[in-house]
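Undergrad: Sharing data_28.txt (compact mmCIF, C-alpha atoms) below.
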```txt
# COMPACT_ATOMS: atom_id res chain seq x y z
CA MET A 1 -0.22 205.80 119.49
CA SER A 2 -0.24 202.58 121.48
CA ASN A 3 -0.50 202.42 125.26
CA ASN A 4 3.21 201.59 125.35
CA ASP A 5 3.96 204.85 123.60
CA GLN A 6 2.19 207.19 126.01
CA ILE A 7 4.09 210.22 127.26
CA ILE A 8 4.51 209.99 131.05
CA PHE A 9 7.06 212.71 131.72
CA GLU A 10 6.12 213.14 135.42
CA ASN A 11 8.19 210.09 136.30
CA PHE A 12 11.43 211.09 134.65
CA ILE A 13 12.92 213.41 137.22
CA SER A 14 16.61 213.71 138.01
CA LYS A 15 18.29 212.30 141.11
CA GLU A 16 17.77 215.74 142.68
CA GLY A 17 14.03 215.44 142.10
CA VAL A 18 13.70 218.00 139.30
CA ILE A 19 13.04 217.96 135.57
CA PRO A 20 16.09 219.49 133.82
CA ILE A 21 15.29 222.80 132.16
CA TRP A 22 16.40 221.67 128.70
CA ASP A 23 13.86 218.84 128.72
CA ASN A 24 11.10 220.33 130.85
CA PRO A 25 7.75 219.75 129.08
CA TYR A 26 6.30 222.82 130.78
CA ILE A 27 8.86 225.17 129.23
CA LYS A 28 7.73 228.45 127.77
CA GLY A 29 9.83 230.64 125.55
CA ASN A 30 9.74 233.77 123.45
CA LEU A 31 12.05 236.22 121.74
CA HIS A 32 13.45 238.82 124.10
CA LEU A 33 14.03 241.90 121.96
CA PRO A 34 16.16 244.79 123.29
CA THR A 35 14.53 248.15 123.99
CA ASP A 36 16.66 249.87 121.32
CA TYR A 37 15.96 247.22 118.69
CA ARG A 38 16.55 248.55 115.18
CA PRO A 39 17.01 245.53 112.92
CA ALA A 40 18.69 245.64 109.53
CA THR A 41 16.18 243.87 107.31
CA THR A 42 17.59 244.14 103.79
CA LEU A 43 20.78 242.60 102.47
CA GLU A 44 22.09 246.05 101.53
CA SER A 45 21.58 247.40 105.05
CA VAL A 46 23.16 244.29 106.56
CA LEU A 47 26.26 244.53 104.37
CA ASN A 48 26.57 248.24 105.14
CA LEU A 49 26.92 247.43 108.84
CA TYR A 50 30.09 245.53 108.03
CA LYS A 51 31.36 247.98 105.42
CA ARG A 52 30.99 250.88 107.86
CA MET A 53 33.09 248.87 110.35
CA ARG A 54 30.34 248.76 112.94
CA TYR A 55 31.17 245.07 113.28
CA ASP A 56 34.56 243.45 112.94
CA GLU A 57 35.94 240.02 112.05
CA GLU A 58 35.53 238.76 115.61
CA ASP A 59 31.84 239.66 115.52
CA ILE A 60 31.46 237.75 112.26
CA ARG A 61 33.29 234.76 113.72
CA LEU A 62 30.90 234.73 116.69
CA LEU A 63 27.96 235.08 114.30
CA LYS A 64 29.21 232.11 112.28
CA VAL A 65 29.55 230.05 115.47
CA ILE A 66 25.89 230.77 116.28
CA GLY A 67 24.85 229.91 112.74
CA ASP A 68 26.75 226.62 112.83
CA ALA A 69 25.32 225.76 116.26
CA ILE A 70 21.73 226.60 115.12
CA CYS A 71 20.85 227.42 118.74
CA ALA A 72 23.27 227.59 121.67
CA ASN A 73 23.00 229.18 125.07
CA GLU A 74 25.26 231.97 126.26
CA ASP A 75 27.45 229.69 128.39
CA GLN A 76 28.06 227.41 125.42
CA LEU A 77 28.92 230.36 123.17
CA ARG A 78 31.43 231.62 125.71
CA ARG A 79 33.05 228.17 125.72
CA TYR A 80 33.06 227.95 121.91
CA MET A 81 34.83 231.32 121.78
CA ASN A 82 37.14 230.67 124.73
CA SER A 83 40.36 230.67 122.70
CA LEU A 84 39.50 234.00 121.04
CA MET A 85 37.96 236.23 123.68
CA SER A 86 36.90 236.45 127.30
CA ARG A 87 33.47 235.45 128.54
CA SER A 88 32.55 239.08 129.22
CA GLU A 89 33.65 240.07 125.70
CA VAL A 90 31.33 237.45 124.21
CA SER A 91 28.42 238.89 126.20
CA LYS A 92 29.22 242.47 125.13
CA ARG A 93 29.33 241.50 121.47
CA LEU A 94 26.07 239.56 121.73
CA THR A 95 24.38 242.63 123.23
CA ARG A 96 25.53 244.86 120.36
CA MET A 97 24.57 242.28 117.77
CA ARG A 98 21.07 241.93 119.22
CA ASN A 99 20.35 245.62 118.65
CA VAL A 100 20.47 245.31 114.85
CA GLY A 101 18.96 241.83 114.57
CA LEU A 102 22.18 239.94 113.84
CA VAL A 103 21.24 237.55 116.64
CA TYR A 104 18.10 236.83 118.66
CA ARG A 105 18.06 236.18 122.39
CA TRP A 106 15.38 233.91 123.83
CA LYS A 107 13.75 233.99 127.24
CA MET A 108 13.05 230.49 128.59
CA ARG A 109 11.09 229.83 131.76
CA THR A 110 8.85 227.29 133.48
CA ASP A 111 5.53 227.84 135.24
CA ASP A 112 7.20 228.59 138.57
CA ASP A 113 9.57 231.01 136.77
CA LYS A 114 12.30 230.27 139.30
CA THR A 115 14.79 228.65 136.96
CA LYS A 116 16.69 231.12 134.81
CA PRO A 117 18.99 229.18 132.47
CA PRO A 118 21.69 230.80 130.31
CA ALA A 119 19.82 232.55 127.52
CA PRO A 120 19.74 230.73 124.15
CA PHE A 121 20.77 232.60 121.00
CA THR A 122 19.82 232.02 117.37
CA LEU A 123 20.49 233.92 114.16
CA GLY A 124 18.40 237.04 113.72
CA ILE A 125 17.05 238.27 110.40
CA ALA A 126 20.18 240.36 109.74
CA GLY A 127 22.58 237.60 110.77
CA TYR A 128 20.81 235.06 108.58
CA LYS A 129 20.94 237.34 105.52
CA PHE A 130 24.63 238.10 106.11
CA LEU A 131 25.74 234.46 106.48
CA LYS A 132 23.62 233.19 103.59
CA HIS A 133 25.21 235.84 101.37
CA TYR A 134 28.81 234.92 102.20
CA TYR A 135 28.35 231.19 102.92
CA ASN A 136 25.59 230.39 100.46
CA ASP A 137 26.42 226.68 100.24
CA THR A 138 26.02 226.20 104.01
CA PHE A 139 22.81 225.45 105.87
CA PHE A 140 21.69 228.04 108.40
CA MET A 141 18.38 227.98 110.22
CA SER A 142 16.03 230.69 109.00
CA PRO A 143 14.62 232.79 111.87
CA ASP A 144 11.12 232.07 110.51
CA ARG A 145 11.53 228.36 111.31
CA TRP A 146 11.41 229.01 115.05
CA ASP A 147 7.72 229.87 114.72
CA ASP A 148 7.17 226.15 114.09
CA LEU A 149 10.01 224.66 116.16
CA GLY A 150 9.17 226.77 119.19
CA PRO A 151 10.60 226.32 122.70
CA LYS A 152 10.88 222.55 122.25
CA GLY A 153 13.20 223.10 119.29
CA ILE A 154 15.27 225.53 121.37
CA GLN A 155 15.59 222.87 124.09
CA ARG A 156 16.61 220.20 121.59
CA TYR A 157 19.41 222.17 119.98
CA VAL A 158 20.77 223.53 123.26
CA ALA A 159 20.91 219.97 124.64
CA LEU A 160 22.71 218.62 121.58
CA ASN A 161 25.06 221.60 121.55
CA GLU A 162 26.20 220.58 125.01
CA ILE A 163 27.46 217.30 123.52
CA ARG A 164 28.97 219.19 120.60
CA CYS A 165 30.62 221.71 122.90
CA GLN A 166 32.06 219.01 125.16
CA LEU A 167 33.55 217.19 122.16
CA VAL A 168 35.03 220.42 120.77
CA GLU A 169 36.55 221.34 124.14
CA ARG A 170 38.22 217.93 124.28
CA LYS A 171 39.44 218.29 120.67
CA LEU A 172 37.72 215.02 119.76
CA ALA A 173 35.18 216.13 117.15
CA LYS A 174 36.79 216.64 113.75
CA LYS A 175 33.44 217.01 112.01
CA TRP A 176 29.87 217.75 113.05
CA VAL A 177 26.84 217.66 110.75
CA TRP A 178 23.21 218.40 111.57
CA ASN A 179 20.62 216.04 110.05
CA PRO A 180 23.17 213.83 108.26
CA GLU A 181 22.00 211.27 105.72
CA LEU A 182 22.63 207.57 106.07
CA LYS A 183 24.57 206.53 103.00
CA ASN A 184 22.42 205.44 100.04
CA ASN A 185 19.24 205.70 102.13
CA TYR A 186 17.70 209.07 101.40
CA TYR A 187 14.12 207.95 102.06
CA ILE A 188 14.40 207.16 105.77
CA LYS A 189 14.48 209.39 108.84
CA ASN A 190 17.84 211.03 109.47
CA PRO A 191 19.52 211.25 112.84
CA LEU A 192 19.55 214.74 114.36
CA ALA A 193 23.34 215.00 114.20
CA ALA A 194 26.58 213.12 113.65
CA ALA A 195 30.15 213.67 114.76
CA HIS A 196 33.41 212.16 113.52
CA ILE A 197 35.49 211.39 116.61
CA THR A 198 39.24 210.79 116.52
CA THR A 199 41.00 209.33 119.58
CA ASP A 200 44.18 207.47 120.47
CA GLN A 201 41.96 204.40 120.85
CA GLY A 202 40.54 204.62 117.35
CA ASN A 203 38.10 206.69 115.34
CA PHE A 204 34.31 206.59 115.58
CA ASN A 205 31.22 208.09 114.03
CA PHE A 206 28.76 209.22 116.68
CA VAL A 207 25.24 209.01 115.22
CA ILE A 208 23.28 211.25 117.57
CA ASP A 209 19.59 211.64 118.37
CA ARG A 210 17.58 213.11 121.22
CA ALA A 211 14.57 211.92 123.24
CA GLN A 212 12.36 214.67 124.68
CA MET A 213 9.73 214.17 127.36
CA SER A 214 7.30 216.46 125.53
CA GLN A 215 7.18 214.17 122.50
CA ASN A 216 6.07 210.60 121.90
CA PHE A 217 9.72 209.67 122.39
CA VAL A 218 9.15 205.89 122.48
CA GLY A 219 7.33 205.89 119.15
CA TYR A 220 9.78 208.41 117.72
CA LEU A 221 12.81 206.29 118.62
CA ARG A 222 11.15 202.98 117.71
CA THR A 223 10.45 204.22 114.17
CA LYS A 224 14.00 205.46 113.65
CA LEU A 225 15.68 202.46 115.26
CA ASN A 226 13.70 199.98 113.17
CA GLN A 227 14.52 201.85 109.96
CA TRP A 228 18.20 201.98 110.89
CA LYS A 229 18.11 198.28 111.78
CA GLU A 230 17.00 197.51 108.22
CA VAL A 231 19.85 199.63 106.87
CA HIS A 232 22.34 197.85 109.11
CA ASN A 233 21.05 194.43 108.12
CA THR A 234 21.37 195.34 104.45
CA GLN A 235 24.72 197.13 104.51
CA GLY A 236 26.32 195.60 107.59
CA SER A 237 26.79 199.02 109.21
CA LEU A 238 25.35 202.50 109.65
CA LEU A 239 27.38 204.43 107.11
CA LEU A 240 26.96 208.19 106.85
CA SER A 241 27.16 210.18 103.63
CA ASP A 242 30.37 212.25 103.43
CA PHE A 243 31.81 210.65 106.58
CA PRO A 244 34.76 208.26 106.90
CA GLU A 245 33.67 204.63 107.17
CA ASP A 246 34.67 204.33 110.83
CA LYS A 247 32.86 202.40 113.55
CA PRO A 248 29.37 203.89 114.11
CA ILE A 249 27.98 204.30 117.62
CA LEU A 250 24.41 205.49 118.08
CA VAL A 251 24.37 208.04 120.93
CA LEU A 252 20.92 208.71 122.36
CA SER A 253 20.85 211.98 124.27
CA VAL A 254 18.45 211.99 127.25
CA SER A 255 17.97 214.32 130.18
CA THR A 256 17.80 211.93 133.15
CA ILE A 257 18.87 208.43 134.09
CA SER A 258 15.23 207.60 134.88
CA LEU A 259 14.25 208.49 131.31
CA ALA A 260 17.16 206.43 129.96
CA ALA A 261 16.04 203.42 132.03
CA TYR A 262 12.46 203.77 130.79
CA ILE A 263 13.60 203.87 127.16
CA GLN A 264 15.70 200.74 127.71
CA GLU A 265 12.71 199.00 129.31
CA GLN A 266 10.39 199.90 126.42
CA LEU A 267 12.72 199.39 123.46
CA ILE A 268 15.29 196.81 124.68
CA LEU A 269 18.11 198.76 123.08
CA ASP A 270 20.61 195.92 123.51
CA SER A 271 18.59 193.87 121.01
CA TYR A 272 19.58 196.10 118.09
CA PRO A 273 22.49 195.02 115.87
CA PHE A 274 24.50 198.25 116.27
CA HIS A 275 26.25 199.79 119.26
CA ILE A 276 24.06 202.13 121.31
CA TRP A 277 25.12 204.42 124.14
CA LEU A 278 22.93 206.74 126.15
CA CYS A 279 24.33 210.17 127.09
CA VAL A 280 22.60 211.57 130.18
CA ASP A 281 22.40 215.32 130.82
CA GLU A 282 22.21 215.09 134.59
CA ALA A 283 25.67 213.55 134.99
CA ASN A 284 28.07 215.69 137.02
CA ASP A 285 30.80 215.26 134.43
CA PHE A 286 30.66 214.45 130.73
CA THR A 287 33.01 211.50 131.22
CA ASP A 288 30.41 209.93 133.53
CA ALA A 289 27.43 210.66 131.28
CA PHE A 290 27.48 207.51 129.15
CA TYR A 291 25.58 204.25 129.69
CA LYS A 292 25.44 201.05 127.69
CA PRO A 293 22.20 199.03 127.49
CA THR A 294 22.55 195.38 128.55
CA GLU A 295 20.22 192.48 129.34
CA ASP A 296 20.49 193.49 133.00
CA GLY A 297 19.70 197.15 132.42
CA LEU A 298 21.93 200.16 131.93
CA LYS A 299 25.63 199.88 132.70
CA LYS A 300 27.74 202.99 133.19
CA ILE A 301 30.76 203.14 130.91
CA ARG A 302 33.71 205.43 131.42
CA LEU A 303 35.23 206.70 128.20
CA THR A 304 38.92 206.96 128.96
CA PHE A 305 39.61 208.85 125.72
CA MET A 306 37.48 211.72 127.03
```
Have the structure of the file written as structure tokens, please.

TA:
Amino acid sequence: MSNNDQIIFENFISKEGVIPIWDNPYIKGNLHLPTDYRPATTLESVLNLYKRMRYDEEDIRLLKVIGDAICANEDQLRRYMNSLMSRSEVSKRLTRMRNVGLVYRWKMRTDDDKTKPPAPFTLGIAGYKFLKHYYNDTFFMSPDRWDDLGPKGIQRYVALNEIRCQLVERKLAKKWVWNPELKNNYYIKNPLAAAHITTDQGNFNFVIDRAQMSQNFVGYLRTKLNQWKEVHNTQGSLLLSDFPEDKPILVLSVSTISLAAYIQEQLILDSYPFHIWLCVDEANDFTDAFYKPTEDGLKKIRLTFM
């Protein structure tokens, strides 16, 4: 790692002088199992829960939402389910589902333990077995993977689910794919996500990635951007497999404007041949969260179609 690629997360605080919880390098996290935890661990026992009507179609729909989100916090799940049930009903169902291992709840905290964010949820062993049985052609994150991904993986998916949730609430995202492949380029690094956006001002493909303070984010982004630059120079665009060939916009998700400015300073994002926007977590409103890199630094852009 070169000197330019050192991780200096102390500098990237928000305007309020804090490091946002979903990008805090000091984050700690662990499974928070209920006291009456009795997980269903075999496929037969999982299917029997449904056959005995202990869980209904609305439970399964919520379970599928969690599986599709990979990891979302409780506030996001309430918003995803807003058209189907109340916020309190979502919480009640999550509590029941935790008891048998359909879902896992995570406890996230920092060293001062003062910040208590909405609890993240992932599929539990029972929920994973159930969904893989009925939706066997769909990717779901195995609970075992979180041993490797850890709290930093939880942070990453919660942060990206905020973008996903905002787009869903605005009825803009017609398709969302995790780890999509760039068309005819299976050997290079994939973006973390992609969304097909339809608006009255045209359709777009958001190619989405995330910078985290706890990683070598400059080196991480430089490697991906240079690979994608080669693809663009060869094909004239960043086309995604199984996506419409609409205008691609690379959306880099970052926690603070100070981090966004540092990335622009290090990587000169406006020098790349494709459109790049930065989406900043600390914005008060999603419509004010986007910035465009220019020769003179970052310029806020207001997306009127939002």

Undergrad: Counting all atoms listed in the file, which of A:Asp23, A:Asp209, A:Asp112, A:Asp75 gets nearest to A:Leu259?

TA: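 Closest candidate: A:Asp23.
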
Undergrad: I need the residue nearest A:Pro143 from this list: A:Ser83, A:Gln215, A:Gly67, A:Lys116. Use only C-alpha atoms for the distance.

TA: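 Among A:Ser83, A:Gln215, A:Gly67, A:Lys116, it is A:Gly67 that comes nearest to A:Pro143.
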
Undergrad: Find, counting all atoms listed in the file, the residue in A:Thr287, A:Lys107, A:Phe243, A:Lys132 that gets nearest to A:Arg170.

TA: A:Thr287

Undergrad: Do a neighbour search on A:Ala193 at 9 Å with only C-alpha atoms, toss out local chain neighbours closer than 6 positions, and write the hits as an NGL selection string.

TA: :A and (160 or 176-180 or 206-209)

Undergrad: Neighbours of A:Ser88 within 12 Å (all atoms listed in the file; same-chain residues fewer than 3 positions away dropped), as a CSV table (one decimal) with C-alpha atoms, in the coordinates of the input?

TA:
```
chain,number,residue,atom,x,y,z
A,74,GLU,CA,25.3,232.0,126.3
A,75,ASP,CA,27.4,229.7,128.4
A,77,LEU,CA,28.9,230.4,123.2
A,78,ARG,CA,31.4,231.6,125.7
A,79,ARG,CA,33.0,228.2,125.7
A,81,MET,CA,34.8,231.3,121.8
A,82,ASN,CA,37.1,230.7,124.7
A,84,LEU,CA,39.5,234.0,121.0
A,85,MET,CA,38.0,236.2,123.7
A,91,SER,CA,28.4,238.9,126.2
A,92,LYS,CA,29.2,242.5,125.1
A,93,ARG,CA,29.3,241.5,121.5
A,94,LEU,CA,26.1,239.6,121.7
A,95,THR,CA,24.4,242.6,123.2
```

Undergrad: Considering only C-alpha atoms, return as a list in words whatever protein or nucleic-acid residues lie within 12 Å of A:Gly17, sequence-local ones (same chain, fewer than 6 positions apart) excluded.

TA: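 Returned residues: Glu10, Asn11, Thr256, Ile257, Ser258 and Glu282 of chain A.
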
Undergrad: In Å, rounded to a single decimal, give me how far atom CA of A:Leu252 is from atom CA of A:Lys152.

TA: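 Between atom CA of A:Lys152 and atom CA of A:Leu252 the gap is 17.1 Å.
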
Undergrad: So what do you get for atom CA of A:Leu49 versus atom CA of A:Gly101, distance-wise?

TA: 11.3 Å

Undergrad: Please provide the set of residues having any atom within 9 Å of A:Ala159, restricted to only C-alpha atoms, with same-chain residues fewer than 6 positions apart removed, written as a ChimeraX atom specification.

TA: /A:22-23,72,210,253-255,281

Undergrad: With all atoms listed in the file as the basis for distance, which of A:Ile21, A:Met97, A:Ala40, A:Ile60 is at the shortest distance from A:Thr110?

TA: A:Ile21

Undergrad: Find the spatial neighbours of A:Gln76, counting only C-alpha atoms, within a cut-off of 8 Å - ignore same-chain residues fewer than 6 positions away - and output them as a list in words.

TA: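 Using only C-alpha atoms, the neighbours found are Asn161, Glu162 and Cys165 of chain A.
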
Undergrad: Could you make a table, as a Markdown table, of the residues of stretch 187-260 of chain A that have an atom within 12 Å of an atom of stretch 27-35 of chain A, each with its nearest atom pair and distance in Å to one decimal, counting all atoms listed in the file, in chain and number order?

TA:
```
| residue | atom | partner | partner_atom | distance |
| --- | --- | --- | --- | --- |
| A:Gln212 | CA | A:Ile27 | CA | 12.0 |
| A:Met213 | CA | A:Ile27 | CA | 11.2 |
| A:Ser214 | CA | A:Ile27 | CA | 9.6 |
```
